[in-house]
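Peer 1: Structure: work_19.cif, mmCIF, C-alpha atoms.
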```
data_work
#
loop_
_atom_site.label_atom_id
_atom_site.label_comp_id
_atom_site.auth_asym_id
_atom_site.auth_seq_id
_atom_site.Cartn_x
_atom_site.Cartn_y
_atom_site.Cartn_z
CA MET A 8 0.00 0.00 0.00
CA ILE A 9 1.20 3.53 -0.75
CA THR A 10 2.97 5.08 2.24
CA ILE A 11 2.27 8.34 4.05
CA SER A 12 5.65 9.68 2.92
CA GLU A 13 4.81 8.94 -0.73
CA GLU A 14 1.52 10.80 -0.39
CA ILE A 15 3.20 13.77 1.29
CA LEU A 16 5.60 13.89 -1.64
CA LEU A 17 2.58 13.98 -3.99
CA LEU A 18 1.22 16.92 -2.00
CA THR A 19 4.47 18.83 -2.53
CA LEU A 20 4.48 18.13 -6.28
CA ASP A 21 3.11 20.80 -8.59
CA TYR A 22 0.77 18.75 -10.77
CA ASP A 23 0.68 21.50 -13.42
CA SER A 24 4.45 21.86 -13.96
CA GLY A 25 5.71 18.41 -13.00
CA TRP A 26 8.29 19.95 -10.63
CA MET A 27 8.40 20.00 -6.86
CA ASN A 28 6.59 23.10 -5.63
CA ASP A 29 9.16 25.86 -5.04
CA SER A 30 6.75 28.25 -3.33
CA LEU A 31 6.71 26.33 -0.05
CA PRO A 32 8.40 27.91 3.01
CA ALA A 33 12.07 27.07 3.57
CA GLY A 34 12.44 23.64 5.13
CA SER A 35 8.78 22.83 4.64
CA ARG A 36 9.16 20.02 2.12
CA THR A 37 12.16 18.39 3.80
CA SER A 38 10.48 18.50 7.22
CA ALA A 39 7.24 17.11 5.80
CA ILE A 40 8.97 14.17 4.12
CA SER A 41 11.14 13.47 7.18
CA GLY A 42 8.14 13.58 9.50
CA ALA A 43 6.10 11.36 7.19
CA ILE A 44 8.86 8.74 7.10
CA LEU A 45 8.95 8.67 10.90
CA MET A 46 5.15 8.31 10.97
CA ASP A 47 5.38 5.44 8.47
CA LEU A 48 7.91 3.70 10.69
CA ALA A 49 5.74 4.30 13.75
CA ILE A 50 2.51 2.89 12.28
CA ASN A 51 4.48 -0.14 11.08
CA ASN A 52 5.73 -0.69 14.65
CA ARG A 53 9.40 -0.12 13.81
CA ILE A 54 9.91 2.86 16.12
CA GLY A 55 8.31 4.35 19.22
CA THR A 56 8.68 7.55 21.21
CA ASP A 57 8.81 8.42 24.89
CA PRO A 58 9.80 11.53 26.87
CA GLU A 59 13.46 10.63 26.31
CA GLY A 60 13.17 10.51 22.52
CA LEU A 61 12.79 8.01 19.70
CA TYR A 62 13.75 4.33 19.94
CA VAL A 63 13.67 1.20 17.78
CA LEU A 64 10.93 -1.36 18.39
CA ASP A 65 11.71 -3.74 15.55
CA PRO A 66 14.83 -3.62 13.33
CA GLU A 67 13.33 -5.82 10.60
CA PRO A 68 13.18 -4.08 7.21
CA LEU A 69 9.86 -3.19 5.61
CA TYR A 70 11.21 -3.67 2.07
CA GLU A 71 10.26 -0.10 1.27
CA PRO A 72 13.61 1.52 0.29
CA PRO A 73 12.99 5.02 1.74
CA LEU A 74 11.71 3.65 5.05
CA ASP A 75 14.43 1.03 5.33
CA ARG A 76 17.13 3.65 4.64
CA ALA A 77 15.79 5.80 7.48
CA LEU A 78 15.39 2.81 9.81
CA GLU A 79 18.98 1.70 9.19
CA ARG A 80 20.18 5.20 10.06
CA ILE A 81 18.18 5.19 13.31
CA ILE A 82 19.45 1.71 14.24
CA SER A 83 23.04 2.85 13.70
CA GLU A 84 22.85 5.28 16.64
CA ASP A 85 24.09 3.91 19.95
CA VAL A 86 21.99 6.29 22.04
CA GLU A 87 18.36 7.39 22.06
CA ARG A 88 17.88 10.69 20.26
CA ALA A 89 15.11 13.28 20.35
CA VAL A 90 12.52 13.22 17.56
CA GLU A 91 13.68 16.69 16.46
CA TYR A 92 17.19 15.26 15.99
CA TRP A 93 15.83 12.68 13.55
CA ILE A 94 13.77 15.27 11.67
CA ARG A 95 17.01 17.18 11.15
CA GLU A 96 19.05 14.10 10.23
CA LEU A 97 16.51 12.84 7.70
CA SER A 98 16.14 16.35 6.30
CA ASP A 99 19.89 16.36 5.66
CA ASP A 100 19.40 13.11 3.73
CA HIS A 101 16.42 14.53 1.82
CA PRO A 102 17.82 14.31 -1.74
CA ALA A 103 18.39 10.57 -1.41
CA LEU A 104 15.10 9.91 0.38
CA GLU A 105 13.09 11.99 -2.09
CA GLY A 106 14.74 10.15 -4.97
CA LEU A 107 13.78 6.79 -3.47
CA LEU A 108 10.20 7.96 -2.92
CA VAL A 109 9.93 9.14 -6.52
CA GLU A 110 11.24 5.81 -7.82
CA ARG A 111 8.78 3.93 -5.61
CA LEU A 112 5.87 5.99 -6.96
CA ILE A 113 7.05 5.36 -10.51
CA SER A 114 7.29 1.61 -9.85
CA ARG A 115 3.73 1.68 -8.50
CA GLY A 116 2.53 3.27 -11.72
CA ILE A 117 1.42 6.43 -9.91
CA LEU A 118 4.06 8.78 -11.34
CA PHE A 119 5.57 8.94 -14.80
CA ARG A 120 8.93 10.60 -15.46
CA GLY A 121 8.63 12.75 -18.56
CA GLN A 122 10.89 15.06 -20.53
CA TYR A 123 13.42 17.06 -18.47
CA ASP A 124 12.69 14.75 -15.49
CA ARG A 125 9.26 16.26 -14.94
CA LEU A 126 6.96 14.05 -12.87
CA TRP A 127 3.37 13.51 -13.99
CA VAL A 128 0.61 11.81 -12.02
CA MET A 129 -0.82 8.91 -14.00
CA GLY A 130 -4.30 9.05 -12.46
CA THR A 131 -6.32 10.07 -9.43
CA GLY A 132 -7.39 6.58 -8.39
CA TYR A 133 -4.48 4.41 -7.31
CA ASP A 134 -3.32 1.54 -5.14
CA VAL A 135 -5.52 -0.78 -3.11
CA THR A 136 -6.18 -0.85 0.63
CA GLU A 137 -5.96 -3.97 2.77
CA ASP A 138 -9.69 -4.62 2.31
CA GLY A 139 -9.33 -4.53 -1.47
CA LYS A 140 -10.88 -1.09 -2.04
CA PRO A 141 -9.21 1.46 -4.35
CA LEU A 142 -7.47 4.35 -2.62
CA ALA A 143 -8.28 7.75 -4.11
CA ASP A 144 -5.64 10.38 -4.81
CA VAL A 145 -4.62 12.11 -1.59
CA ARG A 146 -5.78 15.51 -2.84
CA ARG A 147 -9.23 14.16 -3.60
CA ARG A 148 -9.44 12.54 -0.18
CA ILE A 149 -8.43 15.79 1.52
CA ALA A 150 -11.02 17.76 -0.47
CA ARG A 151 -13.73 15.28 0.45
CA GLU A 152 -12.77 15.20 4.13
CA LEU A 153 -12.74 18.99 4.30
CA SER A 154 -16.19 19.25 2.74
CA ASP A 155 -18.10 16.96 5.09
CA GLU A 156 -18.19 16.06 8.77
CA THR A 157 -17.00 12.47 8.50
CA ILE A 158 -14.05 11.43 10.64
CA PRO A 159 -10.98 10.59 8.51
CA ASP A 160 -9.05 7.42 9.23
CA PRO A 161 -5.96 7.76 11.46
CA ARG A 162 -3.66 7.70 8.43
CA ASP A 163 -5.32 10.75 6.89
CA MET A 164 -5.32 12.50 10.26
CA MET A 165 -1.53 12.20 10.23
CA ILE A 166 -1.39 13.64 6.72
CA PHE A 167 -3.53 16.59 7.86
CA SER A 168 -1.35 17.24 10.91
CA LEU A 169 1.84 17.10 8.83
CA ALA A 170 0.42 19.39 6.15
CA ASP A 171 -0.60 21.83 8.87
CA ALA A 172 2.72 21.76 10.76
CA CYS A 173 4.73 22.15 7.54
CA GLU A 174 2.52 24.92 6.09
CA LEU A 175 1.56 23.01 2.95
CA TRP A 176 -2.02 24.32 2.79
CA PRO A 177 -1.33 27.57 0.88
CA VAL A 178 -0.17 25.57 -2.17
CA LEU A 179 -3.08 23.15 -1.93
CA ILE A 180 -6.07 25.40 -1.19
CA ASP A 181 -7.05 28.82 -2.52
CA LYS A 182 -6.49 31.65 -0.04
CA ALA A 183 -10.20 32.49 0.27
CA ASP A 184 -11.11 28.85 0.85
CA LEU A 185 -8.26 28.36 3.30
CA ALA A 186 -9.66 30.99 5.68
CA ARG A 187 -13.06 29.33 5.54
CA LEU A 188 -11.71 25.80 6.01
CA ALA A 189 -9.18 26.62 8.74
CA PRO A 190 -11.41 25.44 11.64
CA ARG A 191 -12.02 22.09 9.91
CA ILE A 192 -8.30 21.70 9.18
CA ARG A 193 -7.44 22.35 12.84
CA GLN A 194 -10.16 19.93 13.95
CA ILE A 195 -8.83 17.06 11.83
CA ALA A 196 -5.16 17.80 12.54
CA GLY A 197 -5.94 17.82 16.25
CA MET A 198 -7.41 14.30 16.03
CA ASP A 199 -4.01 12.82 15.22
CA LEU A 200 -2.55 11.28 18.36
CA ILE A 201 0.00 8.93 16.78
CA GLY A 202 2.06 11.64 15.11
CA GLN A 203 1.95 14.34 17.78
CA ALA A 204 5.58 13.88 18.85
CA VAL A 205 6.69 14.21 15.22
CA VAL A 206 4.49 17.26 14.59
CA GLN A 207 5.71 18.97 17.76
CA ALA A 208 9.33 18.40 16.72
CA ILE A 209 8.65 19.86 13.27
CA GLN A 210 6.93 22.92 14.75
CA GLU A 211 9.93 23.52 17.02
CA ARG A 212 12.32 23.13 14.08
CA MET A 213 10.40 25.50 11.83
CA GLY A 214 9.96 28.05 14.60
#
```
Can I see the file as C-alpha cells?

Peer 2:
Amino acid sequence: MITISEEILLLTLDYDSGWMNDSLPAGSRTSAISGAILMDLAINNRIGTDPEGLYVLDPEPLYEPPLDRALERIISEDVERAVEYWIRELSDDHPALEGLLVERLISRGILFRGQYDRLWVMGTGYDVTEDGKPLADVRRRIARELSDETIPDPRDMMIFSLADACELWPVLIDKADLARLAPRIRQIAGMDLIGQAVVQAIQERMG
C-alpha cells in the first residue's frame, strides 16, 4: 500500500508543472517528508517515542527503500535521540530519500517521469487498501474530508497534521477557501494522536 511519505511527496508536487513546488516555506518540504517517514515507521511498529526521545521497536526491514534507509540510520545510533534530531538528520538526507520515494511511486505506476525529469501523475485513483478497495488520490481525499463532517481514518489524520505543521495548505487550497476551512483543518489535525511527537518536533524546528 502507498505510504504516508509517498503521499506527502505527492502533495508537494506541482501537478501542473511536474516539478516539486518551489513556493513552499524554507524547510517545509524536507520537514514534511522526514516527519512522514517517521510516521510510516511508527505505524508499522518499527519505532516508538517516549519523553526521552525516539527508539527502535523492531529492526526488521519493511522492504520499502525510503523507510528502510531511514530505519537503518536510526538503528546505527548507539543512544536514544530526540525526535527533532531525527527530523534534522533525515532532512539532511532529503535528496536521497526523495529520490527513493519518486522511484517507488514510478514503480507503483502512480508517477511517470517525462521530458526534463518532470513528474506527472498517471491518475487520481491508485493503489488498493488492505480490504481490497481502491485508494483515491490524496488531494481528492483531503477535499472530500474537508467538505463533510465524517471522521478521517488515522492515516489521513496524520497527513492533515503534517500538512498543517509544515505549512503546505497555501499551495493546496485557494487563499479564500483556506480561511473558511481553517477550523475544519485544525479539527482534523488535532485528532491525530499517533504523530503528535513528530508534529511537535517539526513545529519547534520551523519556529

Peer 1: Between CA of Leu18 (chain A) and CA of Ile180 (chain A), what is the distance in Å, rounded to a tenth?

Peer 2: 11.2 Å

Peer 1: From (-3.8, 13.5, 9.3), in the file's coordinates, out to 10 Å: which residues are reached, counting only C-alpha atoms? Answer as a list of chain:residue names.

Peer 2: A:Ile11, A:Ile149, A:Pro159, A:Asp160, A:Pro161, A:Arg162, A:Asp163, A:Met164, A:Met165, A:Ile166, A:Phe167, A:Ser168, A:Leu169, A:Ala170, A:Asp171, A:Ile192, A:Ile195, A:Ala196, A:Gly197, A:Met198, A:Asp199, A:Leu200, A:Ile201, A:Gly202

Peer 1: Which residues, named as in the file, does the PyMOL selection byres ((chain A and resi 127) around 12) pick out? Answer as a list of chain:residue names.

Peer 2: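 Evaluating the PyMOL selection byres ((chain A and resi 127) around 12) on these coordinates yields A:Leu17, A:Leu20, A:Asp21, A:Tyr22, A:Asp23, A:Ser24, A:Gly25, A:Trp26, A:Met27, A:Val109, A:Leu112, A:Ile113, A:Gly116, A:Ile117, A:Leu118, A:Phe119, A:Arg120, A:Gly121, A:Gln122, A:Tyr123, A:Asp124, A:Arg125, A:Leu126, A:Val128, A:Met129, A:Gly130, A:Thr131.
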
Peer 1: Can you find the residues with an atom no farther than 12 Å from (-10.8, 24.0, 7.1), counting only C-alpha atoms, and report them as JSON, numbers by chain?

Peer 2: {"A": [149, 150, 151, 152, 153, 154, 155, 156, 167, 171, 176, 177, 179, 180, 181, 182, 183, 184, 185, 186, 187, 188, 189, 190, 191, 192, 193, 194, 195, 196]}

Peer 1: Which residue gives the smallest distance to Cys173 (chain A) among A:Met8, A:Ile40, A:Leu45, A:Ile158, with only C-alpha atoms counted?

Peer 2: A:Ile40

Peer 1: What would the selection look like, as a ChimeraX atom specification, if the PyMOL selection byres ((chain A and resi 43) around 10) were run on the coordinates I just shared?

Peer 2: /A:10-16,37-42,44-49,74,94,165-166,169-170,202,205-206

Peer 1: Take the selection from the previous step and output its residues with C-alpha atoms, as a PDB file, in the frame of the given file.

Peer 2:
```pdb
ATOM      1  CA  THR A  10       2.970   5.080   2.240  1.00  0.00           C
ATOM      2  CA  ILE A  11       2.270   8.340   4.050  1.00  0.00           C
ATOM      3  CA  SER A  12       5.650   9.680   2.920  1.00  0.00           C
ATOM      4  CA  GLU A  13       4.810   8.940  -0.730  1.00  0.00           C
ATOM      5  CA  GLU A  14       1.520  10.800  -0.390  1.00  0.00           C
ATOM      6  CA  ILE A  15       3.200  13.770   1.290  1.00  0.00           C
ATOM      7  CA  LEU A  16       5.600  13.890  -1.640  1.00  0.00           C
ATOM      8  CA  THR A  37      12.160  18.390   3.800  1.00  0.00           C
ATOM      9  CA  SER A  38      10.480  18.500   7.220  1.00  0.00           C
ATOM     10  CA  ALA A  39       7.240  17.110   5.800  1.00  0.00           C
ATOM     11  CA  ILE A  40       8.970  14.170   4.120  1.00  0.00           C
ATOM     12  CA  SER A  41      11.140  13.470   7.180  1.00  0.00           C
ATOM     13  CA  GLY A  42       8.140  13.580   9.500  1.00  0.00           C
ATOM     14  CA  ILE A  44       8.860   8.740   7.100  1.00  0.00           C
ATOM     15  CA  LEU A  45       8.950   8.670  10.900  1.00  0.00           C
ATOM     16  CA  MET A  46       5.150   8.310  10.970  1.00  0.00           C
ATOM     17  CA  ASP A  47       5.380   5.440   8.470  1.00  0.00           C
ATOM     18  CA  LEU A  48       7.910   3.700  10.690  1.00  0.00           C
ATOM     19  CA  ALA A  49       5.740   4.300  13.750  1.00  0.00           C
ATOM     20  CA  LEU A  74      11.710   3.650   5.050  1.00  0.00           C
ATOM     21  CA  ILE A  94      13.770  15.270  11.670  1.00  0.00           C
ATOM     22  CA  MET A 165      -1.530  12.200  10.230  1.00  0.00           C
ATOM     23  CA  ILE A 166      -1.390  13.640   6.720  1.00  0.00           C
ATOM     24  CA  LEU A 169       1.840  17.100   8.830  1.00  0.00           C
ATOM     25  CA  ALA A 170       0.420  19.390   6.150  1.00  0.00           C
ATOM     26  CA  GLY A 202       2.060  11.640  15.110  1.00  0.00           C
ATOM     27  CA  VAL A 205       6.690  14.210  15.220  1.00  0.00           C
ATOM     28  CA  VAL A 206       4.490  17.260  14.590  1.00  0.00           C
TER      29      VAL A 206
END
```

Peer 1: Which residues would end up in the selection if the PyMOL selection byres ((chain A and resi 66-69) around 10) were applied here, given that I need the answer as a count of residues only?

Peer 2: 19

Peer 1: Have a look at CA of Gln210 (chain A) and CA of Ala33 (chain A) and let me know their distance in Å, one decimal.

Peer 2: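 For CA of Gln210 (chain A) relative to CA of Ala33 (chain A), the distance reads 13.0 Å.
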
Peer 1: Using all atoms listed in the file, can you tell me which of A:Leu108, A:Val145, A:Tyr62, A:Leu175 comes closest to Asn28 (chain A)?

Peer 2: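 Closest to Asn28 (chain A) of all the choices is A:Leu175.
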
Peer 1: Given all atoms listed in the file as the basis, pick out the residue of A:Thr56, A:Leu31, A:Ser114, A:Leu107 nearest to Glu91 (chain A).

Peer 2: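 Of A:Thr56, A:Leu31, A:Ser114, A:Leu107, the one nearest Glu91 (chain A), counting all atoms listed in the file, is A:Thr56.
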
Peer 1: Take CA of Ala204 (chain A) and CA of Val86 (chain A) and report the distance between them in Å, one decimal.

Peer 2: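 Atom-to-atom, CA of Ala204 (chain A) and CA of Val86 (chain A) are spaced 18.4 Å apart.
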
Peer 1: Which one of A:Leu104, A:Val90, A:Ala77, A:Ile9 sits closest to Glu211 (chain A) if you count only C-alpha atoms?

Peer 2: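 Ranking A:Leu104, A:Val90, A:Ala77, A:Ile9 by distance to Glu211 (chain A), first place goes to A:Val90.
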